[in-house]
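Quick look at final.txt (compact mmCIF, C-alpha atoms):
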# COMPACT_ATOMS: atom_id res chain seq x y z
CA MET A 1 109.39 103.40 132.48
CA ILE A 2 108.64 103.85 128.77
CA ASP A 3 111.18 102.43 126.31
CA SER A 4 113.21 105.16 124.56
CA ARG A 5 112.32 103.74 121.13
CA ALA A 6 108.60 103.94 121.98
CA LYS A 7 109.11 107.58 122.98
CA GLU A 8 110.89 108.36 119.71
CA PHE A 9 108.20 106.60 117.70
CA ALA A 10 105.42 108.42 119.57
CA ARG A 11 107.13 111.69 118.71
CA VAL A 12 107.18 110.78 115.00
CA LEU A 13 103.43 110.14 115.11
CA VAL A 14 102.40 113.09 117.29
CA ASP A 15 104.83 115.74 116.02
CA HIS A 16 105.24 114.76 112.35
CA SER A 17 102.37 112.53 111.23
CA ILE A 18 99.36 114.30 112.77
CA SER A 19 101.07 117.46 114.07
CA VAL A 20 99.00 117.79 117.22
CA GLN A 21 98.16 121.40 118.08
CA LYS A 22 97.13 122.90 121.40
CA GLY A 23 93.51 122.02 122.16
CA ASP A 24 93.26 119.21 119.59
CA ASN A 25 91.14 116.19 120.47
CA VAL A 26 93.06 113.05 119.49
CA LEU A 27 91.35 109.65 119.26
CA ILE A 28 93.76 106.72 119.74
CA SER A 29 92.10 103.52 118.51
CA MET A 30 94.14 100.49 119.57
CA ARG A 31 93.47 96.91 118.45
CA ASP A 32 95.26 94.14 120.40
CA HIS A 33 96.79 97.07 122.20
CA ASP A 34 100.29 97.80 123.46
CA THR A 35 100.15 99.62 126.79
CA GLU A 36 103.69 101.00 126.61
CA LEU A 37 103.24 102.77 123.30
CA CYS A 38 99.77 103.97 124.28
CA CYS A 39 101.29 105.59 127.38
CA ALA A 40 104.01 107.19 125.24
CA LEU A 41 101.39 108.55 122.83
CA ILE A 42 99.25 109.95 125.65
CA LYS A 43 102.24 111.73 127.21
CA ALA A 44 103.38 113.12 123.84
CA ILE A 45 99.87 114.42 123.09
CA TYR A 46 99.64 116.09 126.53
CA GLU A 47 103.04 117.71 125.98
CA ARG A 48 101.73 119.25 122.73
CA GLY A 49 98.68 120.60 124.53
CA GLY A 50 96.30 118.05 123.04
CA LYS A 51 93.59 115.94 124.67
CA PRO A 52 93.93 112.17 124.17
CA PHE A 53 90.94 109.81 123.98
CA VAL A 54 91.58 106.05 123.96
CA GLU A 55 89.56 103.20 122.45
CA LEU A 56 90.70 99.61 123.04
CA THR A 57 89.53 96.57 121.11
CA SER A 58 90.86 93.31 119.65
CA THR A 59 90.71 91.33 116.43
CA ARG A 60 89.11 88.42 118.25
CA LEU A 61 86.34 90.62 119.66
CA ASN A 62 85.80 92.11 116.21
CA SER A 63 85.44 88.65 114.66
CA VAL A 64 82.63 87.80 117.10
CA LEU A 65 81.01 91.19 116.53
CA TYR A 66 81.14 90.85 112.72
CA LYS A 67 79.42 87.46 112.76
CA GLY A 68 76.27 88.99 114.22
CA PHE A 69 76.16 91.98 111.88
CA SER A 70 72.96 93.14 110.25
CA GLU A 71 72.78 96.15 107.95
CA GLU A 72 70.77 97.98 110.63
CA MET A 73 73.41 97.36 113.28
CA VAL A 74 76.36 98.40 111.09
CA LYS A 75 74.61 101.62 110.13
CA ALA A 76 73.89 102.32 113.82
CA MET A 77 77.60 101.76 114.60
CA ALA A 78 78.53 104.18 111.82
CA GLU A 79 76.19 106.83 113.24
CA PHE A 80 77.70 106.39 116.71
CA ASP A 81 81.27 106.62 115.43
CA ALA A 82 80.38 109.60 113.23
CA ARG A 83 79.31 111.51 116.36
CA ARG A 84 82.65 110.73 118.01
CA PHE A 85 84.64 111.73 114.94
CA ALA A 86 82.77 115.04 114.76
CA GLU A 87 84.55 116.03 117.98
CA MET A 88 88.06 114.97 116.87
CA GLN A 89 90.82 116.82 115.08
CA CYS A 90 93.26 113.88 114.94
CA TYR A 91 93.06 110.09 114.77
CA ILE A 92 95.67 107.38 115.36
CA SER A 93 94.66 103.87 114.28
CA PHE A 94 96.97 101.40 115.92
CA ALA A 95 97.10 97.60 115.71
CA LYS A 96 99.33 95.01 117.35
CA PRO A 97 97.87 91.79 115.91
CA LEU A 98 97.95 88.73 118.12
CA ASN A 99 96.43 86.45 115.48
CA SER A 100 96.01 87.80 111.95
CA PHE A 101 93.71 84.92 111.07
CA ASP A 102 91.03 85.62 113.69
CA MET A 103 88.80 86.96 110.90
CA ILE A 104 89.15 83.93 108.63
CA ASP A 105 85.78 82.38 109.52
CA VAL A 106 83.77 85.60 109.27
CA PRO A 107 81.34 85.27 106.31
CA GLN A 108 82.19 87.54 103.38
CA GLU A 109 78.72 89.08 103.37
CA LYS A 110 79.33 90.31 106.93
CA VAL A 111 82.67 91.84 105.94
CA ARG A 112 80.95 93.46 102.96
CA LEU A 113 78.36 95.04 105.24
CA TYR A 114 81.14 96.58 107.34
CA ARG A 115 83.09 97.87 104.36
CA THR A 116 80.05 99.39 102.69
CA HIS A 117 78.19 100.89 105.63
CA HIS A 118 80.96 101.66 108.15
CA ALA A 119 84.55 101.74 106.86
CA LYS A 120 83.71 103.73 103.74
CA VAL A 121 81.50 106.12 105.72
CA MET A 122 84.29 106.76 108.24
CA ASP A 123 86.76 107.48 105.43
CA GLU A 124 84.35 110.02 103.96
CA ILE A 125 83.79 111.70 107.34
CA MET A 126 87.52 111.99 108.06
CA HIS A 127 88.08 113.54 104.65
CA LYS A 128 85.10 115.92 104.99
CA ASN A 129 86.12 117.05 108.49
CA ASN A 130 89.84 117.32 107.60
CA ILE A 131 90.79 114.99 110.43
CA ARG A 132 94.54 114.45 110.53
CA TRP A 133 95.11 110.69 110.75
CA VAL A 134 97.79 108.04 110.73
CA MET A 135 97.66 104.23 110.64
CA VAL A 136 100.22 102.06 112.43
CA GLU A 137 100.86 98.35 112.90
CA TYR A 138 103.07 97.94 115.95
CA PRO A 139 105.50 95.04 116.45
CA GLY A 140 104.28 92.10 118.46
CA PRO A 141 104.34 88.31 118.41
CA GLY A 142 101.60 88.14 115.78
CA ALA A 143 103.35 90.51 113.38
CA ALA A 144 106.73 88.86 113.98
CA GLN A 145 105.22 85.44 113.34
CA LYS A 146 103.76 86.59 110.00
CA ALA A 147 107.15 88.01 109.04
CA GLU A 148 108.88 84.77 110.16
CA MET A 149 111.14 86.70 112.53
CA SER A 150 111.77 86.63 116.26
CA THR A 151 109.88 89.29 118.20
CA GLU A 152 113.13 91.05 119.10
CA ALA A 153 114.41 91.06 115.51
CA PHE A 154 111.06 92.32 114.24
CA GLU A 155 111.04 95.15 116.78
CA ASP A 156 114.52 96.24 115.65
CA PHE A 157 113.37 96.16 112.02
CA PHE A 158 110.16 98.00 112.85
CA PHE A 159 111.81 100.99 114.49
CA SER A 160 114.41 101.29 111.69
CA ALA A 161 111.61 101.29 109.08
CA CYS A 162 109.35 103.72 110.92
CA CYS A 163 111.82 106.25 112.25
CA VAL A 164 113.49 107.09 108.93
CA ASP A 165 114.45 110.64 107.95
CA TYR A 166 111.13 111.52 106.34
CA SER A 167 112.26 115.04 105.40
CA THR A 168 115.12 113.74 103.24
CA LEU A 169 112.95 110.96 101.79
CA SER A 170 110.25 113.50 100.96
CA ARG A 171 112.64 115.65 98.93
CA SER A 172 113.80 112.61 96.94
CA MET A 173 110.18 111.63 96.23
CA ASP A 174 109.48 115.09 94.81
CA VAL A 175 111.50 114.19 91.70
CA LEU A 176 109.55 110.98 91.05
CA LYS A 177 106.27 112.78 91.69
CA ALA A 178 107.14 115.46 89.12
CA LEU A 179 108.08 112.82 86.52
CA MET A 180 104.84 110.88 87.07
CA GLU A 181 102.84 114.09 86.65
CA LYS A 182 104.33 114.48 83.15
CA THR A 183 103.84 110.83 82.16
CA ASP A 184 101.10 109.38 79.97
CA ARG A 185 101.84 105.69 79.26
CA VAL A 186 103.20 103.20 81.80
CA HIS A 187 104.37 99.72 80.77
CA ILE A 188 105.37 97.13 83.37
CA LYS A 189 107.10 93.86 82.51
CA GLY A 190 108.34 90.94 84.60
CA PRO A 191 107.68 87.27 85.38
CA GLY A 192 103.98 86.69 84.74
CA THR A 193 103.51 90.42 84.15
CA ASP A 194 103.02 92.45 80.99
CA ILE A 195 100.60 95.29 81.61
CA SER A 196 100.18 98.85 80.32
CA PHE A 197 97.98 101.81 81.15
CA SER A 198 97.80 105.60 81.20
CA ILE A 199 98.23 107.90 84.20
CA LYS A 200 97.77 111.07 82.15
CA ASP A 201 96.26 113.97 84.10
CA ILE A 202 95.71 111.91 87.28
CA PRO A 203 97.14 113.69 90.36
CA VAL A 204 100.21 112.19 92.06
CA MET A 205 100.77 112.04 95.82
CA LYS A 206 103.83 111.28 97.93
CA CYS A 207 103.59 109.53 101.28
CA ASP A 208 106.22 110.80 103.71
CA GLY A 209 105.04 109.76 107.16
CA ILE A 210 101.79 111.73 107.35
CA TYR A 211 99.08 109.06 106.92
CA ASN A 212 100.93 105.76 107.34
CA VAL A 213 103.90 104.74 109.44
CA PRO A 214 106.10 103.17 108.23
CA ASP A 215 105.85 105.20 105.04
CA GLY A 216 107.57 105.70 101.73
CA GLU A 217 105.53 105.52 98.53
CA VAL A 218 104.50 107.68 95.60
CA PHE A 219 101.07 106.91 94.19
CA THR A 220 98.55 107.86 91.54
CA ALA A 221 95.84 105.92 89.72
CA PRO A 222 95.50 104.55 86.19
CA VAL A 223 93.00 106.12 83.85
CA ARG A 224 90.13 103.78 84.72
CA ASP A 225 89.52 102.10 81.36
CA SER A 226 93.12 102.23 80.07
CA VAL A 227 94.49 99.10 81.78
CA ASN A 228 95.28 96.13 79.54
CA GLY A 229 97.39 93.04 80.15
CA THR A 230 98.28 90.71 82.99
CA VAL A 231 99.98 91.23 86.35
CA THR A 232 101.17 88.64 88.85
CA PHE A 233 101.72 89.63 92.47
CA ASN A 234 104.62 87.80 94.10
CA ALA A 235 103.99 89.01 97.66
CA ASP A 236 101.31 87.17 99.62
CA SER A 237 98.39 89.18 100.99
CA ILE A 238 96.04 88.60 103.91
CA LYS A 239 92.49 89.72 103.17
CA SER A 240 89.48 89.01 105.38
CA GLY A 241 91.61 86.68 107.45
CA TYR A 242 92.76 84.54 104.49
CA ARG A 243 96.29 84.34 103.09
CA PHE A 244 96.29 84.74 99.31
CA SER A 245 99.27 83.65 97.19
CA ASN A 246 100.13 83.82 93.48
CA ILE A 247 97.37 86.27 92.59
CA THR A 248 97.27 86.82 88.82
CA LEU A 249 94.87 89.33 87.27
CA THR A 250 94.12 89.94 83.60
CA PHE A 251 92.57 93.22 82.43
CA GLU A 252 90.70 94.32 79.34
CA ASN A 253 89.89 98.01 78.99
CA GLY A 254 90.35 98.52 82.72
CA LYS A 255 88.26 95.63 84.01
CA CYS A 256 89.68 92.49 85.60
CA VAL A 257 88.23 89.74 83.41
CA LYS A 258 90.20 86.85 84.91
CA ALA A 259 91.54 86.33 88.43
CA THR A 260 93.35 83.30 89.82
CA ALA A 261 95.15 82.52 93.10
CA ASN A 262 95.65 79.74 95.62
CA ASN A 263 91.93 80.18 96.34
CA THR A 264 90.43 81.44 93.09
CA GLU A 265 86.84 81.19 94.31
CA ARG A 266 87.48 83.30 97.42
CA LEU A 267 89.48 85.83 95.38
CA ASN A 268 86.62 86.31 92.93
CA GLU A 269 84.13 86.68 95.77
CA ILE A 270 86.09 89.72 96.95
CA LEU A 271 86.41 91.11 93.42
CA ASP A 272 82.65 90.74 93.03
CA THR A 273 81.96 92.96 96.06
CA ASP A 274 80.65 95.60 93.65
CA GLU A 275 81.28 96.83 90.11
CA GLY A 276 84.29 98.96 91.05
CA ALA A 277 86.11 96.11 92.79
CA ARG A 278 87.30 94.74 89.43
CA TYR A 279 88.96 98.02 88.44
CA ILE A 280 92.24 99.50 89.69
CA GLY A 281 92.04 102.46 92.06
CA GLU A 282 95.75 103.00 92.74
CA PHE A 283 99.20 102.55 91.19
CA ALA A 284 102.25 103.20 93.38
CA PHE A 285 106.00 102.81 93.86
CA GLY A 286 107.45 101.60 97.18
CA VAL A 287 110.62 103.49 98.18
CA ASN A 288 111.40 102.80 101.87
CA SER A 289 114.93 101.38 101.72
CA ALA A 290 114.65 99.89 105.24
CA ILE A 291 111.92 97.49 104.00
CA LYS A 292 113.28 94.81 101.71
CA ARG A 293 110.88 91.86 101.91
CA PRO A 294 107.22 91.13 102.69
CA MET A 295 105.95 91.11 106.25
CA LEU A 296 102.39 90.00 105.39
CA SER A 297 101.25 93.46 106.45
CA THR A 298 100.12 95.93 103.79
CA LEU A 299 101.41 98.91 105.77
CA PHE A 300 104.92 97.46 105.43
CA ASP A 301 104.76 95.55 102.17
CA GLU A 302 103.45 98.39 99.97
CA LYS A 303 106.53 100.43 100.99
CA ILE A 304 109.13 97.78 99.99
CA ASN A 305 111.94 99.46 98.10
CA GLY A 306 111.97 98.12 94.53
CA SER A 307 108.27 97.24 94.52
CA PHE A 308 105.14 98.55 92.88
CA HIS A 309 101.54 97.91 93.82
CA PHE A 310 98.04 98.21 92.50
CA ALA A 311 94.95 98.59 94.66
CA MET A 312 91.83 96.88 93.44
CA GLY A 313 88.76 98.95 94.04
CA ASP A 314 88.25 102.44 95.38
CA ALA A 315 90.42 105.30 94.15
CA TYR A 316 91.55 107.85 96.72
CA GLU A 317 89.91 111.25 96.51
CA TYR A 318 93.41 112.74 96.25
CA THR A 319 94.02 110.79 93.00
CA PRO A 320 90.55 110.30 91.51
CA ASN A 321 90.08 108.17 88.40
CA GLY A 322 86.31 107.84 88.77
CA ASN A 323 86.37 104.36 90.32
CA LYS A 324 84.25 103.76 93.42
CA SER A 325 84.13 100.61 95.52
CA ALA A 326 83.65 99.37 99.06
CA ILE A 327 87.12 97.75 98.90
CA HIS A 328 90.63 99.09 98.44
CA TRP A 329 92.96 96.09 98.32
CA ASP A 330 96.68 96.72 97.86
CA LEU A 331 98.53 93.94 95.99
CA ILE A 332 102.33 94.02 95.75
CA ASN A 333 104.89 92.99 93.14
CA ILE A 334 108.58 93.12 94.14
CA GLN A 335 110.98 93.63 91.21
CA THR A 336 114.38 93.18 92.87
CA PRO A 337 116.55 90.41 91.35
CA GLU A 338 115.89 87.90 94.14
CA TRP A 339 112.16 88.24 93.37
CA GLY A 340 112.53 87.78 89.62
CA GLY A 341 113.31 91.32 88.51
CA GLY A 342 111.27 93.43 86.11
CA GLU A 343 111.06 96.70 84.25
CA ILE A 344 108.91 99.84 84.39
CA TRP A 345 108.75 102.16 81.39
CA PHE A 346 107.36 105.71 81.20
CA ASP A 347 106.41 106.87 77.70
CA GLY A 348 108.90 104.43 76.16
CA VAL A 349 111.77 105.30 78.54
CA LEU A 350 113.10 102.70 81.00
CA ILE A 351 112.65 104.24 84.46
CA ARG A 352 113.36 101.30 86.77
CA LYS A 353 115.01 97.92 86.19
CA ASP A 354 115.20 95.11 88.73
CA GLY A 355 114.02 97.45 91.47
CA LEU A 356 116.56 100.24 90.84
CA PHE A 357 115.75 103.60 89.29
CA ILE A 358 117.78 104.30 86.15
CA PRO A 359 117.65 108.12 85.61
CA GLU A 360 120.33 109.89 87.63
CA GLU A 361 117.83 112.31 89.16
CA LEU A 362 115.86 109.40 90.66
CA GLN A 363 118.76 107.44 92.12
CA GLY A 364 118.34 109.12 95.50
CA LEU A 365 115.42 106.73 95.97
CA ASN A 366 117.64 103.65 95.51
CA PRO A 367 119.04 101.94 98.62
CA ALA A 368 122.43 103.23 99.73
CA GLU A 369 125.17 100.75 98.87
Translate this file's structure into structure tokens.
Amino acid sequence: MIDSRAKEFARVLVDHSISVQKGDNVLISMRDHDTELCCALIKAIYERGGKPFVELTSTRLNSVLYKGFSEEMVKAMAEFDARRFAEMQCYISFAKPLNSFDMIDVPQEKVRLYRTHHAKVMDEIMHKNNIRWVMVEYPGPGAAQKAEMSTEAFEDFFFSACCVDYSTLSRSMDVLKALMEKTDRVHIKGPGTDISFSIKDIPVMKCDGIYNVPDGEVFTAPVRDSVNGTVTFNADSIKSGYRFSNITLTFENGKCVKATANNTERLNEILDTDEGARYIGEFAFGVNSAIKRPMLSTLFDEKINGSFHFAMGDAYEYTPNGNKSAIHWDLINIQTPEWGGGEIWFDGVLIRKDGLFIPEELQGLNPAE
């Protein structure tokens, strides 16, 4: 018997996120898979008249696979997956990590091969073919361990964060989106942070449960060469199997000219992936009020209410600023009082202080008291 919460969550994904239509082919790609949710997804897709296809893998298997990569092999994998994607209308990428550090001993050059010749190619194909997709990280012992919570407590948190009223949240985000579309200069201040840039004429997008679940962010991108100053990210981030802390980046005319962290050498290796990796491809607000602290999972942490984040590297095609890269690495700063506070200014007007929006028309995005 499938848990009622899994059924509800499957409905959010199938009905809202990818809106499966009769006859749609839906690829479910599950890493460290959860059989119960997979069954719920399959049933929900059948009920909508779709055709589910299932791919099962694991982080551990991927780590072994990566270590043997050659450019020829990765390109062959991309060609194989491209043929599969050509037959799909929808895609659900689903992970239930058992050990988030299984990739830690994979050489960076192998990861770079995958990003450049596979991951980026798949992103381009999905965009070109208008594949409706959603990414999910499901609760499990690995995710709970990263979040320093019991598995039961993490599951309760997960379903509250994922099954929010996305219609109401979407309407509230419309106001912030409209304001960002009229804004030129952004100035962010806080502990270890004093950075400014322009977002003039860059499109703005809201995320209301269509591409990621949990969701709740409004994003754009800085004008590529306009970023100047320093930003410190107070939420840890796992990248290529390594846990980074205290990342501080300094920018001059858009380019990151100095980068330090608990492993400065490894950080700079990632930022040297290609020329675009040292430029910012995304600037966003997190507005999901059910998420209040880091979980060591980007899908959760970038949605923290009272946070903002930058992504180093590739800019989304929806919000182009001209920056191209094989990486897109989201780094989060939380500005609520318990995390040190901070301010965000739009064209000289204080928009958010200590994680709370100031203008009355934006206060619908603040947590309910």
Separation of CA of Leu271 in chain A from CA of Asp123 in chain A, in Å and rounded to one decimal: 20.3 Å
Contacts of range 17-29 of chain A within 7 Å, only C-alpha atoms, excl. fewer than 6 positions in-chain, as a ChimeraX atom specification: /A:45,48-56,88-94,132-134,209-211
Restricted to C-alpha atoms, what would the selected residues look like written as a PDB file, in the frame of the given file?
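What ended up in again03.pdb:
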ATOM      1  CA  ILE A  45      99.870 114.420 123.090  1.00  0.00           C
ATOM      2  CA  ARG A  48     101.730 119.250 122.730  1.00  0.00           C
ATOM      3  CA  GLY A  49      98.680 120.600 124.530  1.00  0.00           C
ATOM      4  CA  GLY A  50      96.300 118.050 123.040  1.00  0.00           C
ATOM      5  CA  LYS A  51      93.590 115.940 124.670  1.00  0.00           C
ATOM      6  CA  PRO A  52      93.930 112.170 124.170  1.00  0.00           C
ATOM      7  CA  PHE A  53      90.940 109.810 123.980  1.00  0.00           C
ATOM      8  CA  VAL A  54      91.580 106.050 123.960  1.00  0.00           C
ATOM      9  CA  GLU A  55      89.560 103.200 122.450  1.00  0.00           C
ATOM     10  CA  LEU A  56      90.700  99.610 123.040  1.00  0.00           C
ATOM     11  CA  MET A  88      88.060 114.970 116.870  1.00  0.00           C
ATOM     12  CA  GLN A  89      90.820 116.820 115.080  1.00  0.00           C
ATOM     13  CA  CYS A  90      93.260 113.880 114.940  1.00  0.00           C
ATOM     14  CA  TYR A  91      93.060 110.090 114.770  1.00  0.00           C
ATOM     15  CA  ILE A  92      95.670 107.380 115.360  1.00  0.00           C
ATOM     16  CA  SER A  93      94.660 103.870 114.280  1.00  0.00           C
ATOM     17  CA  PHE A  94      96.970 101.400 115.920  1.00  0.00           C
ATOM     18  CA  ARG A 132      94.540 114.450 110.530  1.00  0.00           C
ATOM     19  CA  TRP A 133      95.110 110.690 110.750  1.00  0.00           C
ATOM     20  CA  VAL A 134      97.790 108.040 110.730  1.00  0.00           C
ATOM     21  CA  GLY A 209     105.040 109.760 107.160  1.00  0.00           C
ATOM     22  CA  ILE A 210     101.790 111.730 107.350  1.00  0.00           C
ATOM     23  CA  TYR A 211      99.080 109.060 106.920  1.00  0.00           C
TER      24      TYR A 211
END
Given only C-alpha atoms as the counted atoms, nearest of A:Phe219, A:Tyr138, A:Phe197, A:Tyr242 to Asp347 in chain A: A:Phe197
Point-to-point distance in Å for CA of Thr336 in chain A and CA of Asp184 in chain A: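 CA of Thr336 in chain A lies 24.6 Å from CA of Asp184 in chain A.
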Pairwise distance for CA of Thr168 in chain A and CA of Tyr318 in chain A, rounded to one decimal in Å: 22.8 Å
Closest of A:Ala10, A:Met180, A:Met30, A:Leu296 to Glu47 in chain A - atom-to-atom distances counting all atoms listed in the file: A:Ala10
Nearest-residue call for Tyr166 in chain A, choices A:Glu71, A:Glu217, A:Asp194, A:Glu152, using all atoms listed in the file: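 Between A:Glu71, A:Glu217, A:Asp194, A:Glu152, the residue approaching Tyr166 in chain A most closely is A:Glu217.
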Ala119 in chain A environment, 12 Å, all atoms listed in the file, sequence neighbours closer than 2 positions dropped, as a ChimeraX atom specification: /A:74-75,77-79,81-82,111-117,121-126,325-328
Given only C-alpha atoms as the counted atoms, nearest of A:Thr220, A:Asn262, A:Ser240, A:Thr250 to Tyr316 in chain A: A:Thr220
Who sits within 10 Å of Phe154 in chain A, only C-alpha atoms, same chain under 3 positions skipped, as JSON, numbers by chain: {"A": [138, 139, 140, 141, 143, 144, 145, 147, 148, 149, 150, 151, 157, 158, 159, 160, 295]}
Given only C-alpha atoms as the counted atoms, nearest of A:Ile332, A:Met205, A:Ala221, A:Asp165 to Phe244 in chain A: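 Going through A:Ile332, A:Met205, A:Ala221, A:Asp165 one by one, the smallest distance to Phe244 in chain A is for A:Ile332.
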Contacts of Gly216 in chain A at 6 Å (all atoms listed in the file; same-chain gap of 6+ positions) as a VMD selection string: chain A and resid 207 to 208 287 to 288 303
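Between Phe80 in chain A and the candidates A:Lys182, A:Asn333, A:Lys255, A:His118, the tightest atom-to-atom separation, counting all atoms listed in the file, involves A:His118.
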Exercise: Pro359 in chain A partners within 9 Å, all atoms listed in the file, chain neighbours under 6 positions left out, as a ChimeraX atom specification: /A:350-352
Using all atoms listed in the file, what does the table of range 112-202 of chain A residues within 10 Å of range 337-346 of chain A look like, with each row giving the shortest atom pair and its distance in Å to one decimal, sorted by chain and ascending number, as JSON lines?
{"residue": "A:Leu179", "atom": "CA", "partner": "A:Phe346", "partner_atom": "CA", "distance": 8.9}
{"residue": "A:Met180", "atom": "CA", "partner": "A:Phe346", "partner_atom": "CA", "distance": 8.2}
{"residue": "A:Lys182", "atom": "CA", "partner": "A:Phe346", "partner_atom": "CA", "distance": 9.5}
{"residue": "A:Thr183", "atom": "CA", "partner": "A:Phe346", "partner_atom": "CA", "distance": 6.3}
{"residue": "A:Asp184", "atom": "CA", "partner": "A:Phe346", "partner_atom": "CA", "distance": 7.4}
{"residue": "A:Arg185", "atom": "CA", "partner": "A:Phe346", "partner_atom": "CA", "distance": 5.9}
{"residue": "A:Val186", "atom": "CA", "partner": "A:Phe346", "partner_atom": "CA", "distance": 4.9}
{"residue": "A:His187", "atom": "CA", "partner": "A:Trp345", "partner_atom": "CA", "distance": 5.1}
{"residue": "A:Ile188", "atom": "CA", "partner": "A:Ile344", "partner_atom": "CA", "distance": 4.6}
{"residue": "A:Lys189", "atom": "CA", "partner": "A:Glu343", "partner_atom": "CA", "distance": 5.2}
{"residue": "A:Gly190", "atom": "CA", "partner": "A:Gly342", "partner_atom": "CA", "distance": 4.1}
{"residue": "A:Pro191", "atom": "CA", "partner": "A:Gly340", "partner_atom": "CA", "distance": 6.5}
{"residue": "A:Gly192", "atom": "CA", "partner": "A:Gly340", "partner_atom": "CA", "distance": 9.9}
{"residue": "A:Thr193", "atom": "CA", "partner": "A:Gly342", "partner_atom": "CA", "distance": 8.6}
{"residue": "A:Asp194", "atom": "CA", "partner": "A:Glu343", "partner_atom": "CA", "distance": 9.7}
{"residue": "A:Ile195", "atom": "CA", "partner": "A:Ile344", "partner_atom": "CA", "distance": 9.9}
{"residue": "A:Ser196", "atom": "CA", "partner": "A:Trp345", "partner_atom": "CA", "distance": 9.2}
{"residue": "A:Ser198", "atom": "CA", "partner": "A:Phe346", "partner_atom": "CA", "distance": 9.6}
{"residue": "A:Ile199", "atom": "CA", "partner": "A:Phe346", "partner_atom": "CA", "distance": 9.9}
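Using only C-alpha atoms, the protein and nucleic acid residues lying at most 10 Å from the point (92.3, 112.2, 90.4) are Ile199, Lys200, Asp201, Ile202, Pro203, Val204, Thr220, Ala221, Pro222, Val223, Gly281, Ala315, Tyr316, Glu317, Tyr318, Thr319, Pro320, Asn321, Gly322 and Asn323 of chain A.
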